Amino acid sequence: MLFRLAKEFLLKVLAGEIPLRIEAHREDDVAHVLKLADEFKMRIVLEGVSFPRTQLQHLIKRRTNLVLGPIVQLESSRSYRQGRGDAWLTSLTSHGVRWALSTFGEQPRSSRLLRVQAAAAVAEGIAPQRVLQAVTRDAAAILGLDDQLGAL
């Protein structure tokens, strides 16, 4: 049963019916994901993107949908999110790329920190209305639910 569901999901991804959501942080990982997407002509949503470096321009050019966060680093945060440059968030969000904000929490209750992450994004220099769009309309669009959710 589970195998059949996974196979159906992958067939929908390969057919372009739904995007593949994949987490990649480092520059080489981002490059490999983009190459894979090109090779199989898949739509992707890239999550994390902590250190895109030379891949930043490719993400912008392709208008890749991004899920970014967390902005506020908690003690339990993974080490690959530590040490991101000061311009990490603004460099990924200032070029018209659709992006959403996430807490990347491992428990459902982590979503309660989304307001903290949104406030931190504003403190990093992102316009408040743009952050609101990221957690509402753009998040719904990235999930393919913008005809049902997201608009205030």
# chains A, B, ... in the order shown; residues from 1 in each chain; ligands from 1
>>> select_by_dssp(residues="chain A", states="alpha helix (DSSP H)", output="ChimeraX atom specification")
/A:2-14,27-40,56-62,88-93,114-123,128-135,137-142
>>> residues_around(residues="range 144-150 of chain A", least_positions_apart="6", cutoff="9 Å", atoms="only C-alpha atoms", output="ChimeraX atom specification")
/A:18-19,133,135-138
>>> closest_atom_pairs(of="range 1-81 of chain A", to="range 89-111 of chain A", cutoff="6 Å", atoms="only C-alpha atoms", output="tab-separated table")
residue	atom	partner	partner_atom	distance
A:Arg63	CA	A:Val97	CA	5.1
A:Asn65	CA	A:Arg98	CA	5.2
A:Leu66	CA	A:Trp99	CA	4.6
A:Val67	CA	A:Ala100	CA	4.7
A:Leu68	CA	A:Leu101	CA	5.0
A:Gly69	CA	A:Ser102	CA	5.1
A:Pro70	CA	A:Thr103	CA	4.9
>>> write_last_selection(atoms="N, CA and C atoms", output="PDB file, in the first residue's frame")
ATOM      1  N   ARG A  63      13.496  31.426 -11.384  1.00  0.00           N
ATOM      2  CA  ARG A  63      12.347  31.803 -10.551  1.00  0.00           C
ATOM      3  C   ARG A  63      11.878  30.599  -9.727  1.00  0.00           C
ATOM      4  N   ASN A  65      10.721  28.387  -6.804  1.00  0.00           N
ATOM      5  CA  ASN A  65       9.967  28.591  -5.568  1.00  0.00           C
ATOM      6  C   ASN A  65      10.817  28.135  -4.394  1.00  0.00           C
ATOM      7  N   LEU A  66      10.865  28.975  -3.352  1.00  0.00           N
ATOM      8  CA  LEU A  66      11.708  28.695  -2.190  1.00  0.00           C
ATOM      9  C   LEU A  66      10.880  28.669  -0.912  1.00  0.00           C
ATOM     10  N   VAL A  67      11.296  27.830   0.019  1.00  0.00           N
ATOM     11  CA  VAL A  67      10.774  27.845   1.386  1.00  0.00           C
ATOM     12  C   VAL A  67      11.981  28.107   2.266  1.00  0.00           C
ATOM     13  N   LEU A  68      11.982  29.256   2.929  1.00  0.00           N
ATOM     14  CA  LEU A  68      13.153  29.702   3.674  1.00  0.00           C
ATOM     15  C   LEU A  68      12.892  29.712   5.169  1.00  0.00           C
ATOM     16  N   GLY A  69      13.963  29.576   5.927  1.00  0.00           N
ATOM     17  CA  GLY A  69      13.861  29.651   7.375  1.00  0.00           C
ATOM     18  C   GLY A  69      14.728  28.600   8.019  1.00  0.00           C
ATOM     19  N   PRO A  70      14.773  28.539   9.298  1.00  0.00           N
ATOM     20  CA  PRO A  70      14.290  29.579  10.187  1.00  0.00           C
ATOM     21  C   PRO A  70      15.229  30.776  10.185  1.00  0.00           C
TER      22      PRO A  70
END
>>> residues_around(residues="range 40-44 of chain A", least_positions_apart="2", cutoff="9 Å", atoms="only C-alpha atoms", output="PyMOL selection string")
chain A and resi 13-22+33-38+46+64-66
>>> select_by_dssp(residues="range 4-119 of chain A", states="strand (DSSP E)", output="list in words")
Leu20, Arg21, Ile22, Glu23, Ala24, His25, Arg26, Ile44, Val45, Leu46, Glu47, Gly48, Val49, Ser50, Phe51, Asn65, Leu66, Val67, Leu68, Trp99, Ala100 and Leu101 of chain A
>>> write_last_selection(atoms="C-alpha atoms", output="PDB file, in the first residue's frame")
ATOM      1  CA  LEU A  20       8.939  17.925  -5.734  1.00  0.00           C
ATOM      2  CA  ARG A  21       9.746  19.609  -2.424  1.00  0.00           C
ATOM      3  CA  ILE A  22      13.370  19.005  -1.587  1.00  0.00           C
ATOM      4  CA  GLU A  23      15.614  20.442   1.113  1.00  0.00           C
ATOM      5  CA  ALA A  24      19.079  21.560   0.036  1.00  0.00           C
ATOM      6  CA  HIS A  25      21.347  23.986   1.847  1.00  0.00           C
ATOM      7  CA  ARG A  26      24.851  23.930   0.400  1.00  0.00           C
ATOM      8  CA  ILE A  44      10.664  21.786  -7.705  1.00  0.00           C
ATOM      9  CA  VAL A  45      10.251  23.718  -4.501  1.00  0.00           C
ATOM     10  CA  LEU A  46      13.622  24.211  -2.879  1.00  0.00           C
ATOM     11  CA  GLU A  47      13.671  24.345   0.904  1.00  0.00           C
ATOM     12  CA  GLY A  48      16.404  25.683   3.154  1.00  0.00           C
ATOM     13  CA  VAL A  49      18.953  27.166   0.744  1.00  0.00           C
ATOM     14  CA  SER A  50      21.269  28.318   3.535  1.00  0.00           C
ATOM     15  CA  PHE A  51      24.403  28.687   1.397  1.00  0.00           C
ATOM     16  CA  ASN A  65       9.967  28.591  -5.568  1.00  0.00           C
ATOM     17  CA  LEU A  66      11.708  28.695  -2.190  1.00  0.00           C
ATOM     18  CA  VAL A  67      10.774  27.845   1.386  1.00  0.00           C
ATOM     19  CA  LEU A  68      13.153  29.702   3.674  1.00  0.00           C
ATOM     20  CA  TRP A  99       9.128  32.368  -1.384  1.00  0.00           C
ATOM     21  CA  ALA A 100       7.448  31.209   1.771  1.00  0.00           C
ATOM     22  CA  LEU A 101       8.654  31.248   5.327  1.00  0.00           C
TER      23      LEU A 101
END
>>> atom_distance(atom1="CA of Glu27 in chain A", atom2="CA of Gln57 in chain A")
11.5 Å
>>> closest_residue(among="A:Leu143, A:Val116, A:Ala127, A:Ala31", to="Leu59 in chain A", atoms="only C-alpha atoms")
A:Ala31
